[in-house]
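Text of model_18.cif, listed as mmCIF, C-alpha atoms:
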```cif
data_structure
loop_
_atom_site.label_atom_id
_atom_site.label_comp_id
_atom_site.auth_asym_id
_atom_site.auth_seq_id
_atom_site.Cartn_x
_atom_site.Cartn_y
_atom_site.Cartn_z
CA MET Y 1 -31.87 -9.38 24.39
CA ASN Y 2 -32.05 -12.81 26.10
CA ASN Y 3 -35.20 -13.67 24.10
CA LYS Y 4 -33.38 -12.72 20.91
CA ASN Y 5 -30.43 -14.98 21.78
CA GLU Y 6 -32.77 -17.87 22.55
CA ASN Y 7 -34.63 -17.40 19.26
CA ASP Y 8 -31.32 -17.33 17.37
CA LEU Y 9 -30.18 -20.55 19.03
CA GLN Y 10 -33.47 -22.27 18.25
CA GLY Y 11 -33.24 -21.15 14.63
CA ILE Y 12 -29.71 -22.51 14.36
CA LYS Y 13 -30.75 -25.86 15.83
CA LYS Y 14 -33.68 -26.14 13.42
CA PHE Y 15 -31.40 -25.34 10.48
CA GLU Y 16 -28.84 -27.95 11.58
CA ALA Y 17 -31.61 -30.54 11.96
CA LEU Y 18 -32.84 -29.72 8.46
CA LEU Y 19 -29.37 -30.16 6.95
CA GLN Y 20 -29.10 -33.62 8.49
CA LYS Y 21 -31.92 -34.87 6.22
CA ARG Y 22 -30.68 -36.58 3.05
CA TRP Y 23 -32.91 -34.67 0.61
CA ALA Y 24 -31.69 -31.34 2.06
CA ALA Y 25 -28.04 -32.30 1.54
CA TYR Y 26 -28.76 -33.40 -2.07
CA THR Y 27 -30.63 -30.16 -2.73
CA VAL Y 28 -27.78 -28.01 -1.42
CA ALA Y 29 -25.20 -29.98 -3.44
CA THR Y 30 -27.27 -29.72 -6.66
CA CYS Y 31 -27.88 -25.99 -6.25
CA SER Y 32 -24.17 -25.42 -5.53
CA ALA Y 33 -23.19 -27.34 -8.67
CA VAL Y 34 -25.64 -25.35 -10.82
CA ILE Y 35 -24.41 -22.04 -9.40
CA LEU Y 36 -20.76 -23.03 -9.99
CA TYR Y 37 -21.55 -24.11 -13.59
CA VAL Y 38 -23.36 -20.84 -14.34
CA PHE Y 39 -20.52 -18.87 -12.79
CA LEU Y 40 -17.80 -20.64 -14.80
CA THR Y 41 -19.67 -20.52 -18.13
CA ASN Y 42 -20.35 -16.79 -17.73
CA LEU Y 43 -17.05 -15.84 -16.09
CA SER Y 44 -16.09 -13.16 -18.62
CA GLY Y 45 -19.47 -11.46 -18.36
CA ILE Y 46 -19.41 -11.63 -14.57
CA LEU Y 47 -15.91 -10.10 -14.46
CA ALA Y 48 -17.02 -7.37 -16.88
CA GLY Y 49 -20.01 -6.67 -14.63
CA ILE Y 50 -17.81 -6.51 -11.54
CA ASN Y 51 -15.45 -4.12 -13.36
CA TRP Y 52 -18.41 -1.93 -14.41
CA ILE Y 53 -19.68 -1.84 -10.83
CA TYR Y 54 -16.22 -0.93 -9.55
CA GLN Y 55 -15.83 1.85 -12.12
CA THR Y 56 -19.23 3.19 -11.07
CA ILE Y 57 -18.52 3.23 -7.35
CA SER Y 58 -14.79 4.04 -7.61
CA PRO Y 59 -15.30 7.73 -6.64
CA ILE Y 60 -17.11 6.57 -3.50
CA VAL Y 61 -14.38 4.05 -2.68
CA THR Y 62 -11.76 6.75 -3.30
CA GLY Y 63 -13.64 9.10 -0.97
CA ILE Y 64 -13.76 6.47 1.78
CA VAL Y 65 -10.02 5.80 1.44
CA ILE Y 66 -9.14 9.51 1.51
CA ALA Y 67 -11.41 10.07 4.53
CA TYR Y 68 -9.79 7.12 6.30
CA LEU Y 69 -6.29 8.52 5.64
CA MET Y 70 -7.27 12.03 6.76
CA ASN Y 71 -9.13 10.89 9.87
CA PRO Y 72 -5.99 10.64 12.09
CA LEU Y 73 -5.17 14.29 11.33
CA VAL Y 74 -8.75 15.30 12.19
CA ASN Y 75 -8.56 13.36 15.47
CA LEU Y 76 -5.20 14.94 16.29
CA LEU Y 77 -6.58 18.46 15.84
CA GLU Y 78 -9.67 17.62 17.90
CA ASP Y 79 -7.78 16.00 20.78
CA LYS Y 80 -4.70 18.26 20.94
CA ILE Y 81 -5.29 21.65 19.33
CA PHE Y 82 -9.01 22.29 19.96
CA LYS Y 83 -9.54 20.17 23.06
CA LYS Y 84 -10.70 23.25 25.04
CA VAL Y 85 -13.56 23.98 22.62
CA LYS Y 86 -16.73 22.88 24.43
CA ASN Y 87 -19.08 22.58 21.44
CA GLU Y 88 -18.28 19.14 19.97
CA LYS Y 89 -19.87 19.87 16.59
CA ASN Y 90 -17.96 23.12 16.10
CA LYS Y 91 -14.72 21.49 17.22
CA HIS Y 92 -15.16 18.65 14.74
CA THR Y 93 -16.10 20.99 11.86
CA ILE Y 94 -13.11 23.28 12.46
CA SER Y 95 -10.77 20.26 12.64
CA VAL Y 96 -12.08 18.89 9.33
CA ILE Y 97 -11.73 22.29 7.61
CA LEU Y 98 -8.14 22.73 8.84
CA SER Y 99 -7.27 19.16 7.82
CA VAL Y 100 -8.60 19.80 4.31
CA LEU Y 101 -6.60 23.05 4.12
CA CYS Y 102 -3.44 21.25 5.24
CA VAL Y 103 -3.88 18.55 2.59
CA LEU Y 104 -4.54 21.17 -0.10
CA MET Y 105 -1.42 23.10 0.95
CA VAL Y 106 0.74 19.97 0.73
CA VAL Y 107 -0.69 19.03 -2.68
CA THR Y 108 -0.19 22.58 -3.96
CA LEU Y 109 3.40 22.61 -2.69
CA LEU Y 110 4.08 19.31 -4.45
CA ILE Y 111 2.59 20.57 -7.70
CA VAL Y 112 4.48 23.87 -7.60
CA GLU Y 113 7.85 22.57 -6.41
CA LEU Y 114 8.09 18.88 -7.14
CA ILE Y 115 6.42 18.40 -10.52
CA PRO Y 116 8.57 20.98 -12.41
CA SER Y 117 11.73 19.46 -10.89
CA LEU Y 118 10.68 15.98 -11.94
CA GLY Y 119 9.83 17.24 -15.42
CA SER Y 120 13.21 18.93 -15.81
CA SER Y 121 14.97 15.78 -14.59
CA PHE Y 122 13.17 13.64 -17.18
CA GLU Y 123 13.88 16.22 -19.87
CA GLY Y 124 17.56 16.42 -18.97
CA LEU Y 125 17.79 12.64 -18.98
CA LEU Y 126 16.35 12.46 -22.49
CA VAL Y 127 18.34 15.39 -23.91
CA ASN Y 128 21.70 14.17 -22.57
CA MET Y 129 21.18 10.53 -23.50
CA ASP Y 130 23.72 10.61 -26.36
CA SER Y 131 26.38 12.27 -24.22
CA TYR Y 132 25.82 9.69 -21.48
CA LYS Y 133 26.28 6.93 -24.03
CA THR Y 134 29.54 8.51 -25.23
CA THR Y 135 30.83 8.82 -21.66
CA ILE Y 136 30.20 5.17 -20.89
CA GLU Y 137 31.75 4.08 -24.20
CA ASN Y 138 34.88 6.04 -23.29
CA TYR Y 139 35.06 4.23 -19.96
CA ILE Y 140 34.70 0.90 -21.77
CA ASN Y 141 37.47 1.81 -24.24
CA GLN Y 142 39.78 2.84 -21.40
CA LEU Y 143 39.06 -0.46 -19.66
CA ALA Y 144 39.83 -2.36 -22.87
CA GLU Y 145 43.17 -0.52 -23.24
CA ILE Y 146 44.16 -1.35 -19.68
CA ALA Y 147 43.22 -4.99 -20.26
CA SER Y 148 45.27 -5.16 -23.47
CA ARG Y 149 48.35 -3.85 -21.63
CA MET Y 150 47.88 -6.68 -19.15
CA ASN Y 151 47.49 -9.20 -22.02
CA LEU Y 152 43.85 -9.82 -21.16
CA ASP Y 153 41.22 -10.38 -23.84
CA ILE Y 154 37.92 -8.77 -22.82
CA SER Y 155 36.61 -8.18 -26.34
CA SER Y 156 33.59 -10.45 -25.78
CA LEU Y 157 32.79 -8.59 -22.54
CA THR Y 158 33.06 -5.15 -24.13
CA SER Y 159 30.98 -6.17 -27.16
CA SER Y 160 28.28 -7.64 -24.91
CA TRP Y 161 28.27 -4.52 -22.74
CA ASP Y 162 28.07 -2.28 -25.82
CA LYS Y 163 25.10 -4.28 -27.13
CA PHE Y 164 23.41 -4.13 -23.74
CA LEU Y 165 24.03 -0.38 -23.51
CA ASN Y 166 22.51 0.31 -26.92
CA ASN Y 167 19.44 -1.78 -26.15
CA PHE Y 168 19.07 -0.26 -22.67
CA ILE Y 169 19.27 3.34 -23.85
CA SER Y 170 16.85 2.76 -26.72
CA ASN Y 171 14.39 1.02 -24.40
CA LEU Y 172 14.86 3.67 -21.72
CA SER Y 173 14.08 6.45 -24.17
CA SER Y 174 10.93 4.72 -25.39
CA ASN Y 175 9.85 3.88 -21.83
CA LEU Y 176 10.35 7.46 -20.68
CA MET Y 177 8.25 8.66 -23.59
CA MET Y 178 5.59 6.13 -22.62
CA ILE Y 179 5.68 7.48 -19.05
CA LEU Y 180 5.24 11.02 -20.31
CA SER Y 181 2.42 10.00 -22.64
CA ALA Y 182 0.72 8.14 -19.77
CA SER Y 183 0.13 11.52 -18.07
CA TYR Y 184 -3.03 11.76 -20.18
CA SER Y 185 -4.43 8.65 -18.48
CA VAL Y 186 -3.45 10.07 -15.11
CA GLY Y 187 -5.31 13.26 -15.98
CA MET Y 188 -8.40 11.24 -16.81
CA GLY Y 189 -8.22 9.57 -13.41
CA ALA Y 190 -7.88 12.94 -11.67
CA PHE Y 191 -11.63 13.51 -12.06
CA ASN Y 192 -12.42 10.53 -9.82
CA LEU Y 193 -9.80 11.77 -7.35
CA VAL Y 194 -11.38 15.22 -7.14
CA ILE Y 195 -14.88 13.75 -6.70
CA GLY Y 196 -13.50 11.35 -4.10
CA PHE Y 197 -11.85 14.20 -2.19
CA ILE Y 198 -15.13 16.14 -2.12
CA LEU Y 199 -16.97 13.04 -0.89
CA ALA Y 200 -14.26 12.52 1.74
CA ILE Y 201 -15.01 15.97 3.18
CA TYR Y 202 -18.68 15.06 3.54
CA PHE Y 203 -17.77 11.68 5.06
CA LEU Y 204 -15.53 13.35 7.63
CA LEU Y 205 -18.09 16.04 8.51
CA ASP Y 206 -20.83 13.44 9.01
CA LYS Y 207 -18.52 10.77 10.47
CA LYS Y 208 -20.19 10.47 13.86
CA ASN Y 209 -23.71 10.10 12.45
CA MET Y 210 -22.54 7.51 9.91
CA LEU Y 211 -20.69 5.49 12.55
CA GLU Y 212 -23.67 5.67 14.88
CA GLY Y 213 -25.98 4.43 12.12
CA LEU Y 214 -23.60 1.58 11.32
CA LYS Y 215 -23.41 0.73 15.01
CA LYS Y 216 -27.22 0.51 15.29
CA LEU Y 217 -27.39 -1.66 12.16
CA ARG Y 218 -24.77 -4.08 13.50
CA ARG Y 219 -26.50 -4.29 16.89
CA SER Y 220 -29.81 -5.08 15.20
CA VAL Y 221 -28.29 -7.89 13.11
CA LEU Y 222 -25.76 -9.42 15.53
CA THR Y 223 -26.13 -10.82 19.00
CA GLU Y 224 -24.51 -8.84 21.82
CA THR Y 225 -21.66 -11.34 22.22
CA THR Y 226 -20.94 -11.46 18.49
CA TYR Y 227 -21.19 -7.67 18.28
CA LYS Y 228 -18.54 -7.21 20.98
CA GLN Y 229 -16.25 -9.80 19.41
CA ARG Y 230 -16.51 -8.26 15.94
CA THR Y 231 -16.01 -4.76 17.36
CA VAL Y 232 -12.78 -5.80 19.08
CA PHE Y 233 -11.63 -7.48 15.86
CA TRP Y 234 -12.26 -4.43 13.64
CA LEU Y 235 -10.69 -2.06 16.19
CA ARG Y 236 -7.57 -4.23 16.19
CA CYS Y 237 -7.44 -4.21 12.37
CA HIS Y 238 -7.98 -0.45 12.35
CA ASN Y 239 -5.13 0.16 14.80
CA ILE Y 240 -2.75 -2.02 12.80
CA LEU Y 241 -3.56 -0.26 9.51
CA LYS Y 242 -3.46 3.21 11.06
CA GLN Y 243 -0.10 2.64 12.71
CA TYR Y 244 1.45 1.02 9.66
CA ILE Y 245 0.26 3.62 7.13
CA THR Y 246 1.24 6.59 9.32
CA TYR Y 247 4.69 5.34 10.26
CA ASN Y 248 5.44 3.95 6.81
CA LEU Y 249 4.68 7.31 5.15
CA LEU Y 250 6.80 9.09 7.77
CA ASP Y 251 9.62 6.60 7.23
CA GLY Y 252 9.53 7.12 3.45
CA LEU Y 253 9.58 10.91 3.88
CA ILE Y 254 12.57 10.77 6.23
CA ILE Y 255 14.55 8.38 3.99
CA GLY Y 256 13.82 10.44 0.88
CA SER Y 257 14.90 13.64 2.64
CA ILE Y 258 18.14 12.08 3.91
CA ASN Y 259 18.86 10.78 0.41
CA ALA Y 260 18.30 14.25 -1.08
CA VAL Y 261 20.61 15.94 1.47
CA LEU Y 262 23.44 13.46 0.86
CA MET Y 263 23.08 13.68 -2.92
CA LEU Y 264 23.28 17.47 -2.71
CA PHE Y 265 26.34 17.19 -0.46
CA PHE Y 266 28.16 15.03 -3.02
CA GLY Y 267 27.02 17.23 -5.94
CA MET Y 268 25.00 14.56 -7.74
CA PRO Y 269 22.45 15.33 -10.49
CA TYR Y 270 18.74 14.40 -10.55
CA VAL Y 271 18.40 14.90 -6.79
CA VAL Y 272 14.62 15.40 -6.80
CA LEU Y 273 13.88 12.59 -9.25
CA ILE Y 274 16.01 9.96 -7.51
CA SER Y 275 14.98 11.02 -3.99
CA VAL Y 276 11.30 10.73 -4.91
CA ILE Y 277 11.96 7.26 -6.37
CA VAL Y 278 13.83 6.25 -3.20
CA ALA Y 279 11.03 7.57 -0.95
CA ILE Y 280 8.28 5.80 -2.92
CA THR Y 281 10.07 2.46 -3.30
CA ASN Y 282 10.93 2.57 0.42
CA LEU Y 283 7.20 2.12 1.07
CA LEU Y 284 7.38 -1.33 -0.54
CA PRO Y 285 8.33 -4.00 1.99
CA THR Y 286 11.45 -6.19 1.73
CA PHE Y 287 12.52 -5.54 -1.88
CA GLY Y 288 11.45 -1.89 -2.29
CA PRO Y 289 14.67 -0.22 -1.03
CA MET Y 290 16.82 -2.41 -3.30
CA ILE Y 291 14.66 -1.50 -6.30
CA GLY Y 292 14.99 2.22 -5.51
CA ALA Y 293 18.76 1.95 -5.12
CA LEU Y 294 19.13 0.08 -8.42
CA ILE Y 295 16.96 2.58 -10.33
CA GLY Y 296 18.91 5.52 -8.90
CA GLY Y 297 22.22 3.82 -9.69
CA VAL Y 298 21.16 3.12 -13.29
CA ILE Y 299 20.14 6.76 -13.81
CA LEU Y 300 23.44 8.05 -12.37
CA VAL Y 301 25.66 5.58 -14.22
CA LEU Y 302 24.58 7.22 -17.48
CA SER Y 303 26.17 10.52 -16.45
CA ASN Y 304 28.98 9.46 -14.10
CA PRO Y 305 29.72 5.84 -13.10
CA MET Y 306 31.76 6.98 -10.09
CA GLN Y 307 28.80 8.96 -8.75
CA ALA Y 308 26.63 5.88 -9.26
CA LEU Y 309 29.04 3.86 -7.11
CA VAL Y 310 28.99 6.54 -4.40
CA PHE Y 311 25.18 6.60 -4.56
CA LEU Y 312 24.97 2.82 -4.06
CA ILE Y 313 27.23 3.12 -1.00
CA ILE Y 314 25.02 5.93 0.33
CA ALA Y 315 21.88 3.85 -0.34
CA ALA Y 316 23.35 0.88 1.57
CA ALA Y 317 24.21 3.13 4.53
CA ILE Y 318 20.74 4.74 4.53
CA GLN Y 319 18.98 1.36 4.43
CA THR Y 320 21.18 0.07 7.27
CA PHE Y 321 20.15 3.10 9.33
CA ASP Y 322 16.52 2.60 8.33
CA SER Y 323 16.42 -1.13 9.10
CA TYR Y 324 18.25 -1.12 12.44
CA ILE Y 325 17.47 2.32 13.91
CA LEU Y 326 14.61 4.23 12.26
CA LYS Y 327 12.02 1.49 11.65
CA PRO Y 328 12.43 -0.11 15.12
CA LYS Y 329 11.96 3.34 16.69
CA LEU Y 330 8.86 4.11 14.60
CA PHE Y 331 7.09 0.75 14.73
CA GLY Y 332 8.38 -0.33 18.12
CA GLY Y 333 8.18 -4.01 17.10
CA SER Y 334 4.40 -4.03 17.51
CA LEU Y 335 3.92 -5.13 13.90
CA GLY Y 336 6.46 -7.93 14.16
CA VAL Y 337 5.40 -10.58 11.66
CA PRO Y 338 7.22 -13.80 10.66
CA ALA Y 339 9.23 -13.28 7.48
CA VAL Y 340 7.52 -16.19 5.72
CA TRP Y 341 4.09 -14.55 6.15
CA ILE Y 342 5.42 -11.28 4.71
CA LEU Y 343 6.82 -13.04 1.63
CA ILE Y 344 3.58 -14.98 1.10
CA THR Y 345 1.41 -11.86 1.42
CA ILE Y 346 3.72 -9.90 -0.91
CA ILE Y 347 3.43 -12.60 -3.60
CA VAL Y 348 -0.31 -13.17 -3.21
CA GLY Y 349 -1.13 -9.47 -2.70
CA GLY Y 350 0.96 -8.45 -5.70
CA LYS Y 351 -0.72 -11.03 -7.93
CA MET Y 352 -4.25 -10.13 -6.83
CA PHE Y 353 -4.12 -6.38 -6.15
CA GLY Y 354 -0.89 -5.14 -7.75
CA VAL Y 355 1.12 -2.41 -6.02
CA ILE Y 356 -1.60 -1.80 -3.40
CA GLY Y 357 -1.40 -5.45 -2.36
CA ILE Y 358 2.38 -5.18 -1.99
CA LEU Y 359 2.13 -1.94 0.01
CA LEU Y 360 -0.33 -3.49 2.47
CA ALA Y 361 1.43 -6.85 2.70
CA ILE Y 362 2.81 -6.29 6.21
CA PRO Y 363 -0.43 -5.07 7.88
CA PHE Y 364 -2.41 -7.86 6.18
CA ALA Y 365 0.17 -10.36 7.45
CA ALA Y 366 -0.12 -8.86 10.94
CA ILE Y 367 -3.92 -9.09 10.81
CA PHE Y 368 -3.77 -12.69 9.59
CA THR Y 369 -1.27 -13.55 12.35
CA PHE Y 370 -3.44 -12.29 15.20
CA VAL Y 371 -6.59 -13.84 13.61
CA TYR Y 372 -4.78 -17.19 13.42
CA GLU Y 373 -3.42 -16.99 16.96
CA GLU Y 374 -6.56 -15.65 18.65
CA THR Y 375 -9.40 -17.11 16.55
CA ILE Y 376 -8.49 -20.00 14.25
CA LEU Y 377 -6.04 -21.80 16.54
CA PRO Y 378 -8.30 -21.61 19.68
CA TRP Y 379 -11.22 -22.87 17.55
CA PHE Y 380 -9.30 -25.97 16.48
CA GLN Y 381 -8.13 -26.55 20.04
CA GLN Y 382 -11.71 -26.25 21.30
CA ARG Y 383 -12.93 -28.79 18.72
CA LYS Y 384 -10.13 -31.16 19.74
CA GLU Y 385 -11.12 -30.89 23.39
CA ASN Y 386 -14.81 -31.41 22.56
CA LYS Y 387 -14.00 -34.65 20.70
CA LYS Y 388 -12.19 -35.94 23.73
#
```
Transcribe the structure of this file into structure tokens.
Amino acid sequence: MNNKNENDLQGIKKFEALLQKRWAAYTVATCSAVILYVFLTNLSGILAGINWIYQTISPIVTGIVIAYLMNPLVNLLEDKIFKKVKNEKNKHTISVILSVLCVLMVVTLLIVELIPSLGSSFEGLLVNMDSYKTTIENYINQLAEIASRMNLDISSLTSSWDKFLNNFISNLSSNLMMILSASYSVGMGAFNLVIGFILAIYFLLDKKNMLEGLKKLRRSVLTETTYKQRTVFWLRCHNILKQYITYNLLDGLIIGSINAVLMLFFGMPYVVLISVIVAITNLLPTFGPMIGALIGGVILVLSNPMQALVFLIIAAAIQTFDSYILKPKLFGGSLGVPAVWILITIIVGGKMFGVIGILLAIPFAAIFTFVYEETILPWFQQRKENKK
């Protein structure tokens, strides 16, 4: 290993000496300019090629993601439930099989219970659209009568609201129909999901051999010091992602369940639909809960404005509980990231990767924070000391 390190250092020194020659610098600059020109002039074709490659390997990527998300459950079964099983291979196989069965049971339960409820909620929303419009118009007329008794002219306000209501309902109907028609595209993507799930099972079953092979490859390419440093880095990233994904999903499930119980208590309609929206939008950092509350309030205001007001009060109370009690208990402050980094990663992640980038904004910000504090900043400090 010492001979390998010495050879690597000698190779680096030779390369640095080569770059110091003028012709080498001109050659590198010319080649870089040619590559950049070719890239920019063929940008559309390159992007099309990247998209084709992604579409080709998307089932594999999906399988890796599913395996990564299921791995904590497999580890939990291995370490807690089957820890007394002596044969490691049998213990791992049984844990993977039970994890797959658990996931299939949850998916089946969602399909059987949740999908019909969501469908009926959408259907009821479309069927009762005219009656909702009439109800709101009656409220507006009553408000106008009260204003006229008080010698107040709100005709411009009522006309603007009526125009907004007509446009909103027409757009809502068309958007809901677009959502329903988009189910065909979702069905087309289900094939990749099924293939990815099957691949995930194979990845989980052969996890130890794959990790061992990757470990040998990294050791053969990297020096021992670099290998240890990179291993610590990736383990830290893995722990941040694992903790964030697990606790964020648990937090969304708890908030959605509390929302459903309170809506049932107050006799509100569209409990399943709105609670699912609240649970999903709660996964989005910073602005997600507000978006979920506004969507739920808009849906309820069509049937009963007073219930919409009560729902907004409930949503504010739930988010106060979530922000000051539930999230601190779940995350324990270990993912504390400056607010400015979260906002930057939300904007950049949303622009580059869409919803996935927004969902992973906080763990990416946490990873960037510890990389900056433990790698980038010490590197600059070391360079400053060397110059002295």
Within 10 Å of stretch 365-377 of chain Y, which residues of stretch 206-265 of chain Y show up? Give each one with its shortest atom-to-atom distance in Å (one decimal) and the two atoms involved, counting all atoms listed in the file, rows by chain then rising residue number, as CSV.
```
residue,atom,partner,partner_atom,distance
Y:Phe233,CA,Y:Val371,CA,8.4
Y:Trp234,CA,Y:Ile367,CA,10.0
Y:Arg236,CA,Y:Ile367,CA,8.1
Y:Cys237,CA,Y:Ile367,CA,6.2
Y:His238,CA,Y:Ile367,CA,9.7
Y:Ile240,CA,Y:Ile367,CA,7.4
Y:Leu241,CA,Y:Ile367,CA,8.9
```
Point-to-point distance in Å for atom CA of Y:Tyr247 and atom CA of Y:Asn282: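 Atom CA of Y:Asn282 sits 12.0 Å away from atom CA of Y:Tyr247.
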With a distance cut-off of 12 Å and all atoms listed in the file, select the neighbouring residues of Y:Lys80, excluding the residue or stretch itself and same-chain residues fewer than 6 positions from it, and output the selection as a VMD selection string. chain Y and resid 72 to 74 91 95
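Atom pair atom CA of Y:Gly256 / atom CA of Y:Ile280 has a distance of 8.2 Å (rounded to one decimal).
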Atom pair atom CA of Y:Asn71 / atom CA of Y:Gly252: separation (Å):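 Atom CA of Y:Asn71 sits 20.1 Å away from atom CA of Y:Gly252.
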Tell me which protein, DNA and RNA residues are within 10 Å of Y:Ile64, counting only C-alpha atoms, leaving out same-chain ones fewer than 3 positions away, and put them as a PyMOL selection string. chain Y and resi 58-61+67-70+196-197+199-201+203-204
On this structure, which residues satisfy the PyMOL selection byres ((chain Y and resi 263) around 10), written as JSON, numbers by chain? {"Y": [257, 258, 259, 260, 261, 262, 264, 265, 266, 267, 268, 269, 270, 271, 272, 274, 275, 307, 310, 311, 314]}
Check the smallest atom-to-atom distance from each of Y:Ala315, Y:Leu283, Y:Val96, Y:Ile146 to Y:Lys207 using all atoms listed in the file, then report the winner.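 Looking at the shortest contact to Y:Lys207, the residue is Y:Val96.
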Kindly resolve the PyMOL selection byres ((chain Y and resi 287) around 12) on the present coordinates and return the residues as a VMD selection string. chain Y and resid 278 281 to 286 288 to 294 319 342 to 343 346 to 347 358 to 359
As a check of understanding, name the residues that the PyMOL selection byres ((chain Y and resi 94) around 12) selects in the supplied structure, as a short mmCIF file (atom, residue, chain, number, x, y, z; two decimals) with C-alpha atoms, keeping the file's coordinate frame.
```cif
data_model
loop_
_atom_site.label_atom_id
_atom_site.label_comp_id
_atom_site.auth_asym_id
_atom_site.auth_seq_id
_atom_site.Cartn_x
_atom_site.Cartn_y
_atom_site.Cartn_z
CA VAL Y 74 -8.75 15.30 12.19
CA ASN Y 75 -8.56 13.36 15.47
CA LEU Y 77 -6.58 18.46 15.84
CA GLU Y 78 -9.67 17.62 17.90
CA ILE Y 81 -5.29 21.65 19.33
CA PHE Y 82 -9.01 22.29 19.96
CA LYS Y 83 -9.54 20.17 23.06
CA VAL Y 85 -13.56 23.98 22.62
CA ASN Y 87 -19.08 22.58 21.44
CA GLU Y 88 -18.28 19.14 19.97
CA LYS Y 89 -19.87 19.87 16.59
CA ASN Y 90 -17.96 23.12 16.10
CA LYS Y 91 -14.72 21.49 17.22
CA HIS Y 92 -15.16 18.65 14.74
CA THR Y 93 -16.10 20.99 11.86
CA SER Y 95 -10.77 20.26 12.64
CA VAL Y 96 -12.08 18.89 9.33
CA ILE Y 97 -11.73 22.29 7.61
CA LEU Y 98 -8.14 22.73 8.84
CA SER Y 99 -7.27 19.16 7.82
CA VAL Y 100 -8.60 19.80 4.31
CA LEU Y 101 -6.60 23.05 4.12
CA ILE Y 201 -15.01 15.97 3.18
CA LEU Y 204 -15.53 13.35 7.63
CA LEU Y 205 -18.09 16.04 8.51
#
```
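With distances restricted to all atoms listed in the file, Y:Val194 is the closest residue to Y:Gly63 from Y:Ile344, Y:Leu360, Y:Val194, Y:Ala317.
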